[in-house]
Structure formats: C-alpha cells, structure tokens
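This is my_file_17.tsv (TSV, C-alpha atoms).
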```
chain	number	residue	atom	x	y	z
F	46	MET	CA	8.71	56.66	-50.82
F	47	THR	CA	4.99	57.02	-51.54
F	48	VAL	CA	2.85	57.99	-48.53
F	49	PRO	CA	-0.53	56.17	-48.49
F	50	PRO	CA	-3.52	58.44	-48.65
F	51	PRO	CA	-5.31	59.05	-45.32
F	52	LEU	CA	-8.35	56.91	-44.52
F	53	PRO	CA	-11.71	58.53	-44.78
F	54	ALA	CA	-12.99	59.93	-41.53
F	55	ASP	CA	-15.90	57.49	-41.28
F	56	VAL	CA	-13.57	54.48	-41.73
F	57	GLU	CA	-11.21	55.72	-39.01
F	58	ARG	CA	-14.16	56.22	-36.69
F	59	ARG	CA	-15.43	52.71	-37.36
F	60	LEU	CA	-11.98	51.16	-36.71
F	61	ALA	CA	-11.78	53.01	-33.41
F	62	GLU	CA	-15.21	51.66	-32.40
F	63	LEU	CA	-14.22	48.10	-33.31
F	64	THR	CA	-11.01	48.39	-31.32
F	65	ARG	CA	-12.92	49.66	-28.28
F	66	GLU	CA	-15.52	46.87	-28.58
F	67	ARG	CA	-12.72	44.26	-28.85
F	68	ASP	CA	-11.05	45.57	-25.69
F	69	GLU	CA	-14.37	45.60	-23.83
F	70	ALA	CA	-15.08	42.02	-24.93
F	71	ARG	CA	-11.68	40.88	-23.69
F	72	GLU	CA	-12.31	42.51	-20.31
F	73	GLU	CA	-15.71	40.81	-20.06
F	74	VAL	CA	-14.24	37.40	-20.89
F	75	ALA	CA	-11.56	37.89	-18.24
F	76	ARG	CA	-14.21	38.88	-15.69
F	77	LEU	CA	-16.35	35.84	-16.48
F	78	ARG	CA	-13.40	33.46	-16.23
F	79	ALA	CA	-12.60	34.85	-12.81
F	80	THR	CA	-16.14	34.65	-11.44
F	81	VAL	CA	-17.98	31.85	-13.26
F	82	ARG	CA	-17.26	28.19	-12.41
F	83	PRO	CA	-16.66	26.24	-15.64
F	84	ARG	CA	-19.21	23.52	-16.37
F	85	LEU	CA	-18.30	19.89	-16.80
F	86	TRP	CA	-18.90	18.41	-20.21
F	87	LEU	CA	-22.00	16.24	-20.15
F	88	ASN	CA	-20.17	12.93	-20.64
F	89	THR	CA	-17.71	13.83	-17.87
F	90	TRP	CA	-20.59	14.69	-15.54
F	91	LEU	CA	-22.38	11.45	-16.38
F	92	ARG	CA	-19.24	9.39	-15.69
F	93	HIS	CA	-18.81	11.17	-12.36
F	94	GLN	CA	-22.43	10.48	-11.38
F	95	ALA	CA	-22.15	6.81	-12.37
F	96	LYS	CA	-18.96	6.36	-10.38
F	97	THR	CA	-20.53	8.00	-7.32
F	98	THR	CA	-23.75	5.98	-7.55
F	99	LEU	CA	-22.06	2.62	-8.11
F	100	GLY	CA	-19.16	3.24	-5.77
F	101	LEU	CA	-16.60	3.00	-8.57
F	102	SER	CA	-13.75	4.37	-6.50
F	103	MET	CA	-10.12	3.28	-6.49
F	104	ASN	CA	-9.03	2.33	-2.99
F	105	ILE	CA	-5.64	0.74	-3.65
F	106	GLY	CA	-2.91	3.21	-2.83
F	107	ARG	CA	-5.31	5.19	-0.65
F	108	LEU	CA	-4.77	5.74	3.06
F	109	ASN	CA	-7.48	8.37	3.59
F	110	PHE	CA	-11.11	7.35	3.07
F	111	PRO	CA	-14.41	9.21	3.15
F	112	GLY	CA	-16.73	8.62	6.06
F	113	ALA	CA	-16.18	8.18	9.77
F	114	PRO	CA	-13.95	5.41	11.18
F	115	ARG	CA	-15.84	2.29	12.20
F	116	VAL	CA	-15.22	-0.79	14.31
F	117	LEU	CA	-13.04	-3.33	12.52
F	118	ARG	CA	-14.99	-6.53	11.94
F	119	VAL	CA	-14.06	-9.77	10.20
F	120	PRO	CA	-16.23	-12.81	9.38
F	121	ASN	CA	-16.66	-15.31	12.22
F	122	SER	CA	-15.33	-17.97	9.86
F	123	TYR	CA	-11.87	-16.36	10.07
F	124	ARG	CA	-11.56	-17.45	13.69
F	125	ARG	CA	-12.63	-20.99	12.82
F	126	THR	CA	-9.96	-21.52	10.15
F	127	PRO	CA	-8.08	-24.73	11.06
F	128	PRO	CA	-4.35	-25.27	10.51
F	129	PRO	CA	-3.22	-27.91	7.99
F	130	LYS	CA	-2.58	-31.44	9.25
F	131	ASN	CA	1.19	-31.01	9.03
F	132	PRO	CA	1.63	-27.29	9.71
F	133	PRO	CA	4.93	-25.79	8.52
F	134	LEU	CA	7.04	-23.77	10.94
F	135	ILE	CA	6.32	-20.06	10.44
F	136	SER	CA	8.87	-17.42	11.42
F	137	ILE	CA	7.69	-13.83	11.96
F	138	VAL	CA	9.89	-10.85	12.83
F	139	THR	CA	8.62	-7.55	14.18
F	140	PRO	CA	11.15	-4.70	13.89
F	141	SER	CA	10.45	-2.15	16.57
F	142	PHE	CA	11.53	1.34	17.59
F	143	ASN	CA	9.59	3.66	19.88
F	144	GLN	CA	6.16	2.34	18.90
F	145	GLY	CA	5.23	1.22	22.40
F	146	SER	CA	1.70	2.59	22.16
F	147	TYR	CA	0.92	0.15	19.32
F	148	LEU	CA	3.32	-2.72	19.99
F	149	GLU	CA	1.16	-4.63	22.49
F	150	THR	CA	-1.74	-4.80	20.02
F	151	THR	CA	0.62	-5.98	17.28
F	152	LEU	CA	2.09	-8.74	19.44
F	153	GLY	CA	-1.36	-9.79	20.55
F	154	SER	CA	-2.57	-10.06	16.96
F	155	VAL	CA	0.18	-12.60	16.24
F	156	LEU	CA	0.17	-14.61	19.45
F	157	SER	CA	-3.64	-14.84	19.58
F	158	GLN	CA	-3.55	-16.77	16.29
F	159	ASN	CA	-2.65	-19.84	18.38
F	160	TYR	CA	-0.79	-21.27	15.44
F	161	PRO	CA	0.80	-24.56	16.55
F	162	ARG	CA	4.30	-23.98	15.09
F	163	LEU	CA	5.38	-20.35	15.38
F	164	GLU	CA	8.73	-18.63	15.88
F	165	TYR	CA	8.01	-15.00	16.78
F	166	VAL	CA	10.94	-12.61	17.14
F	167	VAL	CA	10.88	-8.95	18.18
F	168	GLN	CA	13.99	-7.01	17.20
F	169	ASP	CA	13.91	-3.65	18.93
F	170	GLY	CA	16.31	-0.83	18.08
F	171	GLY	CA	16.81	0.42	21.64
F	172	SER	CA	13.45	2.09	22.27
F	173	THR	CA	13.19	4.69	25.03
F	174	ASP	CA	9.38	4.83	25.30
F	175	GLY	CA	7.08	2.22	26.81
F	176	THR	CA	8.40	-0.56	24.55
F	177	PRO	CA	10.66	-2.27	27.16
F	178	ALA	CA	7.72	-2.72	29.54
F	179	VAL	CA	5.61	-4.24	26.76
F	180	LEU	CA	8.40	-6.63	25.80
F	181	ASP	CA	8.83	-7.73	29.40
F	182	ARG	CA	5.17	-8.77	29.52
F	183	PHE	CA	5.46	-10.87	26.35
F	184	ARG	CA	9.04	-12.13	26.58
F	185	ASP	CA	8.20	-15.65	27.71
F	186	ARG	CA	5.89	-16.15	24.70
F	187	LEU	CA	8.46	-15.01	22.13
F	188	HIS	CA	11.03	-17.15	20.35
F	189	HIS	CA	13.56	-14.35	20.80
F	190	CYS	CA	13.50	-10.74	21.90
F	191	GLU	CA	16.28	-8.18	22.20
F	192	SER	CA	16.68	-4.42	22.32
F	193	GLN	CA	19.83	-2.84	20.97
F	194	ARG	CA	20.82	-0.20	18.43
F	195	ASP	CA	20.66	-1.34	14.82
F	196	GLY	CA	21.03	0.08	11.35
F	197	GLY	CA	17.34	0.73	10.81
F	198	GLN	CA	14.29	-1.32	9.88
F	199	GLY	CA	15.96	-3.46	7.20
F	200	ASP	CA	18.89	-4.33	9.45
F	201	ALA	CA	16.52	-5.22	12.30
F	202	ILE	CA	14.53	-7.57	10.04
F	203	ASN	CA	17.67	-9.33	8.85
F	204	ARG	CA	18.95	-9.71	12.42
F	205	GLY	CA	15.64	-11.13	13.56
F	206	PHE	CA	15.41	-13.69	10.76
F	207	ALA	CA	18.98	-14.80	11.46
F	208	ARG	CA	17.62	-16.32	14.68
F	209	THR	CA	14.84	-18.29	12.98
F	210	SER	CA	14.53	-21.46	10.96
F	211	GLY	CA	10.90	-21.55	9.77
F	212	GLU	CA	10.19	-22.59	6.20
F	213	ILE	CA	7.54	-19.85	5.89
F	214	MET	CA	8.57	-16.27	6.70
F	215	ALA	CA	6.99	-12.84	7.18
F	216	TYR	CA	7.64	-9.59	8.96
F	217	LEU	CA	5.05	-7.43	10.66
F	218	ASN	CA	5.78	-3.83	11.57
F	219	SER	CA	5.23	-2.80	15.17
F	220	ASP	CA	2.09	-0.76	14.44
F	221	ASP	CA	0.30	-3.19	12.09
F	222	LEU	CA	-1.87	-6.25	12.75
F	223	LEU	CA	-2.52	-9.79	11.57
F	224	LEU	CA	-6.22	-10.56	11.30
F	225	PRO	CA	-7.68	-13.64	13.02
F	226	GLY	CA	-6.95	-16.98	11.35
F	227	ALA	CA	-4.36	-15.51	8.99
F	228	LEU	CA	-1.55	-17.93	9.88
F	229	ASN	CA	-3.74	-21.03	9.56
F	230	ALA	CA	-5.05	-19.85	6.19
F	231	VAL	CA	-1.59	-19.03	4.83
F	232	ALA	CA	-0.06	-22.28	6.07
F	233	ALA	CA	-2.89	-24.33	4.55
F	234	TYR	CA	-2.42	-22.65	1.18
F	235	PHE	CA	1.35	-23.21	1.14
F	236	VAL	CA	0.88	-26.87	2.02
F	237	ALA	CA	-1.73	-27.36	-0.70
F	238	HIS	CA	0.28	-25.44	-3.34
F	239	PRO	CA	3.97	-26.39	-3.13
F	240	ASP	CA	4.64	-24.54	-6.41
F	241	VAL	CA	3.72	-21.15	-4.90
F	242	ASP	CA	6.53	-19.10	-3.35
F	243	VAL	CA	4.79	-15.91	-2.15
F	244	VAL	CA	1.29	-15.41	-0.75
F	245	TYR	CA	-0.47	-12.17	0.18
F	246	GLY	CA	-4.03	-11.01	0.77
F	247	HIS	CA	-6.40	-8.07	0.95
F	248	ARG	CA	-5.72	-5.15	3.31
F	249	VAL	CA	-7.75	-3.28	5.92
F	250	VAL	CA	-6.58	0.27	6.67
F	251	ILE	CA	-7.03	1.34	10.32
F	252	ASP	CA	-6.44	4.53	12.27
F	253	ARG	CA	-4.35	5.06	15.39
F	254	HIS	CA	-7.22	3.78	17.56
F	255	GLY	CA	-7.55	0.55	15.57
F	256	ASP	CA	-10.82	1.56	13.90
F	257	GLU	CA	-11.32	0.76	10.23
F	258	LEU	CA	-10.90	3.51	7.63
F	259	GLY	CA	-11.27	1.45	4.45
F	260	ARG	CA	-10.23	-1.67	2.55
F	261	TRP	CA	-8.03	-2.63	-0.37
F	262	VAL	CA	-9.72	-5.40	-2.38
F	263	LEU	CA	-7.05	-6.59	-4.78
F	264	PRO	CA	-7.41	-8.30	-8.16
F	265	SER	CA	-5.54	-11.52	-8.85
F	266	HIS	CA	-1.79	-11.14	-8.87
F	267	ASP	CA	-0.25	-9.59	-11.97
F	268	ASP	CA	3.53	-9.83	-12.50
F	269	GLU	CA	3.64	-6.96	-15.00
F	270	THR	CA	1.87	-4.58	-12.60
F	271	LEU	CA	4.44	-5.40	-9.93
F	272	ARG	CA	7.17	-4.03	-12.23
F	273	TRP	CA	5.48	-0.61	-12.20
F	274	GLN	CA	3.96	-0.27	-8.72
F	275	ASP	CA	3.94	-2.13	-5.44
F	276	TYR	CA	0.34	-2.91	-4.55
F	277	ILE	CA	1.24	-5.91	-2.37
F	278	PRO	CA	0.19	-5.10	1.22
F	279	GLN	CA	3.39	-5.83	3.12
F	280	GLU	CA	1.70	-6.83	6.38
F	281	THR	CA	-0.16	-9.61	4.51
F	282	MET	CA	2.82	-11.11	2.65
F	283	PHE	CA	4.44	-14.50	3.42
F	284	TRP	CA	7.14	-16.35	1.50
F	285	ARG	CA	9.26	-19.51	1.55
F	286	ARG	CA	12.65	-19.45	3.21
F	287	GLN	CA	14.41	-20.96	0.20
F	288	LEU	CA	13.35	-17.89	-1.81
F	289	TRP	CA	14.62	-15.54	0.91
F	290	GLU	CA	17.99	-17.28	0.94
F	291	ARG	CA	18.15	-17.19	-2.85
F	292	VAL	CA	17.85	-13.38	-3.01
F	293	GLY	CA	19.90	-12.59	0.10
F	294	GLY	CA	17.27	-11.04	2.39
F	295	ILE	CA	16.41	-7.37	2.90
F	296	ASP	CA	18.59	-4.66	1.36
F	297	ALA	CA	19.07	-2.50	4.47
F	298	SER	CA	20.09	0.53	2.40
F	299	PHE	CA	16.39	1.11	1.64
F	300	ARG	CA	14.42	3.01	4.24
F	301	PHE	CA	11.01	3.29	2.56
F	302	ALA	CA	10.74	0.91	-0.42
F	303	LEU	CA	12.54	-2.07	1.12
F	304	ASP	CA	9.48	-4.31	0.65
F	305	TRP	CA	9.11	-3.43	-3.04
F	306	ASP	CA	12.82	-4.01	-3.56
F	307	LEU	CA	12.45	-7.42	-1.92
F	308	VAL	CA	9.48	-8.57	-4.02
F	309	LEU	CA	11.12	-7.30	-7.23
F	310	ARG	CA	14.13	-9.46	-6.43
F	311	PHE	CA	11.75	-12.33	-5.65
F	312	GLN	CA	10.26	-11.82	-9.09
F	313	VAL	CA	13.65	-11.79	-10.83
F	314	ALA	CA	14.47	-15.03	-9.01
F	315	GLY	CA	11.44	-16.66	-10.65
F	316	ALA	CA	9.03	-16.63	-7.71
F	317	LYS	CA	5.40	-17.56	-8.23
F	318	PHE	CA	3.00	-15.19	-6.43
F	319	HIS	CA	-0.60	-15.73	-5.37
F	320	ARG	CA	-3.13	-13.26	-3.97
F	321	LEU	CA	-5.18	-15.15	-1.40
F	322	GLY	CA	-8.91	-14.35	-1.37
F	323	ARG	CA	-8.96	-13.18	2.22
F	324	PHE	CA	-8.16	-10.14	4.37
F	325	LEU	CA	-4.94	-11.11	6.14
F	326	GLY	CA	-3.70	-7.94	7.81
F	327	ALA	CA	-4.40	-4.37	8.86
F	328	PHE	CA	-2.18	-1.40	8.05
F	329	ARG	CA	-2.23	1.41	10.61
F	330	VAL	CA	-2.15	5.07	9.57
F	331	HIS	CA	-0.92	7.62	12.11
F	332	ASP	CA	1.08	10.83	12.16
F	333	THR	CA	4.44	9.24	12.97
F	334	SER	CA	4.25	6.28	10.58
F	335	LYS	CA	7.03	6.11	8.02
F	336	THR	CA	4.58	5.98	5.14
F	337	VAL	CA	3.27	9.40	6.17
F	338	THR	CA	6.57	11.08	7.08
F	339	VAL	CA	8.96	10.15	4.24
F	340	VAL	CA	6.78	9.16	1.28
F	341	GLN	CA	7.29	12.44	-0.60
F	342	THR	CA	11.04	12.69	0.05
F	343	GLN	CA	13.15	9.59	0.45
F	344	GLY	CA	10.22	7.41	-0.56
F	345	ALA	CA	9.89	9.07	-3.97
F	346	ALA	CA	13.64	8.81	-4.57
F	347	GLU	CA	13.70	5.09	-3.76
F	348	VAL	CA	10.70	4.40	-5.99
F	349	SER	CA	12.44	6.18	-8.88
F	350	LYS	CA	15.57	4.13	-8.23
F	351	LEU	CA	13.65	0.85	-8.38
F	352	LEU	CA	11.79	1.85	-11.54
F	353	HIS	CA	15.10	2.69	-13.23
F	354	ARG	CA	16.65	-0.59	-12.10
F	355	THR	CA	13.66	-2.62	-13.29
F	356	HIS	CA	13.28	-1.00	-16.71
F	357	GLY	CA	16.90	-0.02	-17.38
F	358	ARG	CA	16.00	3.63	-17.91
F	359	ASP	CA	14.14	6.56	-16.40
F	360	VAL	CA	10.38	6.24	-16.77
F	361	THR	CA	7.84	9.03	-16.66
F	362	PRO	CA	4.82	9.20	-14.35
F	363	LEU	CA	2.64	9.04	-17.46
F	364	GLU	CA	4.20	5.67	-18.41
F	365	VAL	CA	3.56	4.33	-14.93
F	366	GLU	CA	-0.08	5.44	-15.07
F	367	GLU	CA	-0.55	3.85	-18.48
F	368	HIS	CA	0.78	0.47	-17.35
F	369	LEU	CA	-1.36	0.49	-14.19
F	370	ARG	CA	-4.63	1.35	-15.90
F	371	GLY	CA	-5.84	-2.21	-16.53
F	372	TYR	CA	-5.01	-3.43	-13.03
F	373	ARG	CA	-6.75	-0.42	-11.48
F	374	ARG	CA	-9.87	-1.03	-13.55
F	375	ARG	CA	-9.97	-4.63	-12.36
F	376	HIS	CA	-9.56	-3.42	-8.78
F	377	VAL	CA	-12.51	-1.06	-9.14
F	378	MET	CA	-14.71	-3.89	-10.38
F	379	TYR	CA	-13.54	-6.21	-7.58
F	380	ASN	CA	-14.30	-3.41	-5.12
F	381	VAL	CA	-17.83	-2.97	-6.50
F	382	MET	CA	-18.51	-6.71	-6.41
F	383	TYR	CA	-17.25	-6.89	-2.83
F	384	SER	CA	-19.37	-3.87	-1.80
F	385	LEU	CA	-22.46	-5.50	-3.32
F	386	GLY	CA	-21.80	-8.76	-1.48
F	387	LEU	CA	-21.13	-10.68	-4.69
F	388	TYR	CA	-17.55	-11.37	-3.60
F	389	ARG	CA	-17.17	-12.54	-0.01
F	390	TYR	CA	-13.78	-12.53	1.69
```

Can the structure from this file be put into structure tokens for me?
Amino acid sequence: MTVPPPLPADVERRLAELTRERDEAREEVARLRATVRPRLWLNTWLRHQAKTTLGLSMNIGRLNFPGAPRVLRVPNSYRRTPPPKNPPLISIVTPSFNQGSYLETTLGSVLSQNYPRLEYVVQDGGSTDGTPAVLDRFRDRLHHCESQRDGGQGDAINRGFARTSGEIMAYLNSDDLLLPGALNAVAAYFVAHPDVDVVYGHRVVIDRHGDELGRWVLPSHDDETLRWQDYIPQETMFWRRQLWERVGGIDASFRFALDWDLVLRFQVAGAKFHRLGRFLGAFRVHDTSKTVTVVQTQGAAEVSKLLHRTHGRDVTPLEVEEHLRGYRRRHVMYNVMYSLGLYRY
C-alpha cells in the first residue's frame, strides 16, 4: 500500500484556518437564529397589512374575537317582521341540564317572539341547579315541560319532538337565543318557498353575560362545503317535519356532532337548503359549554367519523382545508361587505 506524501506545511496551516473559520461561522449563524426575529417576505407582509386594513378576517368557526364585548343590537325592522297570513305550526324543543343561569333568557327569547302558532317544549334531564324554579315560572306558557333523567342531549331532543306536531321544527339549546322576529321571518320564507326543506341564517356569538363578541356572516349555502365542514349555525336552523321523519330524527349516540350528523342525513335524503339573509340566533360561549369542553376530544373523534362516513375513506386535514378554501374566501368578502354597510342584514 502506497502512503500519500505529507501535505506541505503551508497547506496544512491553511486548511486548519479554513476549518476554524467554518466552525466560527456556524456558531455565529446559530447565535443569530436564536436572537434575531426572522423577517416576513415582502409579499407576505403586504398581504398581512391589506387584510388588517380591510378587515379581511375569517370569522366562521371562530368563538373568540378581538376587541371588548359590546351590547347586542339588531335592526329595529327585526321586531316589525310580520308572520305570514297562514302561519305554519312551529315546534321548538329546548334540551336542558343544569343551565339554570341561562335558561330563563333562552325561554324568553322564544316566547317573546309572539309567534301565533308555537309549540314550545322543554325537556330537562333532571337538573339540580336553579332550573326547576325557572321552569315553574314558565310552565303555563309551554306546550310541554318535564324533568327526568335521559340519555343525553340527543335523547332529550327526540323525546321532546315526540310530543309535538308542528310542520316546521327546530331545537334551541338552553344557553342560546333566538333573535327578535326570527320565527316570523322563517315561517314566511317556508310559506313562500314550498320547495325548500331547511332554512338557517347568520350567527351572533355572545358571552356568558349576553354581550356580543362577534358575528358569522355566511355565504349562500353550498352543498359541497357541507360534506367537509359544518358551518350551519345550529341555533338558527329550521326544517320541515316530513324531512325529519324521513331520516329518523337525531342519532343520540353523538354527543358533540349530532347536528352535523343530522344535516348530512338531510342532505343524503335530498333536502334543499337555503341560507336566509338575516341574523336568526345567538350562540353563547362560556366555560361549561359543550363546544368548549369536548371539542378537542370526543368532538374531534365524531368529526372524523362523519368525514369517513361521507367520503368512504379517511381524509386528511389538508384535504379538508383545500375543499373549504373557496367557501372561506366568499365568507371573507361577505364579511367585508357587511362591515362596510354594503350588505345589510
């Protein structure tokens, strides 16, 4: 084996210097990465500034909003909305369990509608807080009211609807609200559009005190979007009884995504949906609400289950995002137009 001749002394010295300089450069790069905040690319910065200036934010799906809570206000015209000449019978069920601090406001939001043909049922699961006292005060104004143990929210809704006969149906959770004039507006639309099976509207998000946090201004209904995400505000949704009977009611095995499961089955049954150009309800955010407590656990599992059932396979979060992109862009533009006063609801 031939041994290579040794390098000249000046070459060895130069290699040693280069090695030392390389190591020092690496240390300096590491130090800079740890201490210097990376800059945004110019086009990214410009997009960020444009979105901030124009208010191009996505509110759908959001429950936390910037800014302080404010008093919830609706147009005066909401309270002047008349019922149709031949108003259909509307049946509403409120499932309830230990939400006594919010229940009275919920009941008041329904009964103050003064809709001429209303069946309002409260199905309580045996609450041990202030709920019984609230129910006693409203019992004579309710179509039916009972308090006994049940199998959860879905079971309570099914039990409540079993005692009703209205051709238009909805359920309102015991911490949410209907906004003034909602029942008259919904009834009038159903009467004028006999081909429509499901109606829903825009959403106001409120805090535990009933103050407004923000609003969901929704684009027109899109069936394909519904297959990937549920952006229908449940507290604003109404449907025809014949559709409910066709799909068999609520699947009580769901704890979190029972409303998305229901509307997906409505869709499979051929239902025609319409997003009404009006704020119909308010969704309350508080520490004990189900949306806050189980969304990352059982909620995520149920959403995955429904996606698999709908598409016949597992889908990735990236696929979901891709299919929602167009709808979200339309929402942002609707939100801007509403903020500028160009859309009035």

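Nearest residue to Asp332 in chain F, choosing from F:Arg253, F:Arg125, F:Arg184, F:Arg204 and counting all atoms listed in the file: F:Arg253.
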
Exercise. F:Ile251, F:Asn121, F:Arg115, F:Gly211: which is nearest Arg162 in chain F, counting only C-alpha atoms?
Worked result: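 Looking at the shortest contact to Arg162 in chain F, the residue is F:Gly211.
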
Exercise. Any idea what the distance is between CA of Gly386 in chain F and CA of Arg320 in chain F?
Worked result: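 Separation of CA of Gly386 in chain F and CA of Arg320 in chain F: 19.4 Å.
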
For this session: Could you please determine the separation between CA of Glu280 in chain F and CA of Gly326 in chain F in Å, to one decimal place?
Result: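 Computing it gives 5.7 Å between the two atoms.
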
Exercise. Can you list, as JSON, numbers by chain, every protein, DNA or RNA residue that comes within 8 Å of Phe142 in chain F when you count only C-alpha atoms, leaving out same-chain residues fewer than 2 positions away?
Worked result: {"F": [140, 144, 145, 169, 170, 171, 172, 176, 219]}

Exercise. Could you pull the residues within 12 Å of Cys190 in chain F, counting only C-alpha atoms, minus those fewer than 4 positions along the same chain, as a ChimeraX atom specification?
Worked result: /F:137-141,152,164-171,176-177,179-186,201,204-206,208-209

For this session: Could you jot down the CA of Glu290 in chain F to CA of Val236 in chain F separation for me, Å, one decimal place?
Result: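 Separation of CA of Glu290 in chain F and CA of Val236 in chain F: 19.6 Å.
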
For this session: Between F:Gly344, F:Tyr234, F:Thr355, F:Leu108, single out the one closest to Val313 in chain F, counting all atoms listed in the file.
Result: F:Thr355

For this session: Excluding Asp200 in chain F and any residue of its chain fewer than 3 positions from it, enumerate the residues within 9 Å of it, using only C-alpha atoms, and give them as a ChimeraX atom specification.
Result: /F:140,195-197,203-205,295-298

For this session: Kindly provide, as JSON, numbers by chain, the polymer residues lying within 8 Å of (18.1, 5.3, 2.1), counting only C-alpha atoms and using the coordinates exactly as they appear in the file.
Result: {"F": [298, 299, 300, 301, 343, 347]}

For this session: For Phe318 in chain F, list every protein, DNA or RNA residue within 8 Å, evaluated using all atoms listed in the file, and leave out those in the same chain fewer than 3 positions away; present the list as an MDAnalysis selection string.
Result: chainID F and resid 241:244 266

Problem set entry | Distance criterion (only C-alpha atoms): nearest to Leu134 in chain F out of F:Leu363, F:Ile213, F:Leu187, F:Ala75 | F:Ile213

Generate the coordinates of N, CA and C atoms for range 248-262 of chain F; report them as a PDB file, in the coordinates of the input.
```pdb
ATOM      1  N   ARG F 248      -6.157  -6.015   2.203  1.00  0.00           N
ATOM      2  CA  ARG F 248      -5.720  -5.150   3.310  1.00  0.00           C
ATOM      3  C   ARG F 248      -6.892  -4.371   3.899  1.00  0.00           C
ATOM      4  N   VAL F 249      -6.882  -4.241   5.226  1.00  0.00           N
ATOM      5  CA  VAL F 249      -7.750  -3.280   5.920  1.00  0.00           C
ATOM      6  C   VAL F 249      -6.859  -2.141   6.393  1.00  0.00           C
ATOM      7  N   VAL F 250      -7.304  -0.907   6.192  1.00  0.00           N
ATOM      8  CA  VAL F 250      -6.580   0.270   6.670  1.00  0.00           C
ATOM      9  C   VAL F 250      -7.265   0.744   7.949  1.00  0.00           C
ATOM     10  N   ILE F 251      -6.484   0.931   9.024  1.00  0.00           N
ATOM     11  CA  ILE F 251      -7.030   1.340  10.320  1.00  0.00           C
ATOM     12  C   ILE F 251      -6.375   2.633  10.774  1.00  0.00           C
ATOM     13  N   ASP F 252      -7.005   3.302  11.727  1.00  0.00           N
ATOM     14  CA  ASP F 252      -6.440   4.530  12.270  1.00  0.00           C
ATOM     15  C   ASP F 252      -5.660   4.231  13.546  1.00  0.00           C
ATOM     16  N   ARG F 253      -5.206   5.264  14.206  1.00  0.00           N
ATOM     17  CA  ARG F 253      -4.350   5.060  15.390  1.00  0.00           C
ATOM     18  C   ARG F 253      -5.095   4.385  16.538  1.00  0.00           C
ATOM     19  N   HIS F 254      -6.431   4.433  16.517  1.00  0.00           N
ATOM     20  CA  HIS F 254      -7.220   3.780  17.560  1.00  0.00           C
ATOM     21  C   HIS F 254      -7.558   2.337  17.214  1.00  0.00           C
ATOM     22  N   GLY F 255      -7.218   1.905  15.999  1.00  0.00           N
ATOM     23  CA  GLY F 255      -7.550   0.550  15.570  1.00  0.00           C
ATOM     24  C   GLY F 255      -8.895   0.444  14.888  1.00  0.00           C
ATOM     25  N   ASP F 256      -9.544   1.577  14.610  1.00  0.00           N
ATOM     26  CA  ASP F 256     -10.820   1.560  13.900  1.00  0.00           C
ATOM     27  C   ASP F 256     -10.578   1.524  12.390  1.00  0.00           C
ATOM     28  N   GLU F 257     -11.491   0.915  11.669  1.00  0.00           N
ATOM     29  CA  GLU F 257     -11.320   0.760  10.230  1.00  0.00           C
ATOM     30  C   GLU F 257     -11.607   2.055   9.483  1.00  0.00           C
ATOM     31  N   LEU F 258     -10.714   2.371   8.522  1.00  0.00           N
ATOM     32  CA  LEU F 258     -10.900   3.510   7.630  1.00  0.00           C
ATOM     33  C   LEU F 258     -11.389   3.073   6.255  1.00  0.00           C
ATOM     34  N   GLY F 259     -10.899   1.940   5.770  1.00  0.00           N
ATOM     35  CA  GLY F 259     -11.270   1.450   4.450  1.00  0.00           C
ATOM     36  C   GLY F 259     -10.574   0.144   4.154  1.00  0.00           C
ATOM     37  N   ARG F 260     -10.773  -0.360   2.919  1.00  0.00           N
ATOM     38  CA  ARG F 260     -10.230  -1.670   2.550  1.00  0.00           C
ATOM     39  C   ARG F 260      -9.657  -1.640   1.139  1.00  0.00           C
ATOM     40  N   TRP F 261      -8.582  -2.389   0.960  1.00  0.00           N
ATOM     41  CA  TRP F 261      -8.030  -2.630  -0.370  1.00  0.00           C
ATOM     42  C   TRP F 261      -8.466  -4.035  -0.800  1.00  0.00           C
ATOM     43  N   VAL F 262      -9.336  -4.119  -1.787  1.00  0.00           N
ATOM     44  CA  VAL F 262      -9.720  -5.400  -2.380  1.00  0.00           C
ATOM     45  C   VAL F 262      -8.932  -5.540  -3.667  1.00  0.00           C
TER      46      VAL F 262
END
```
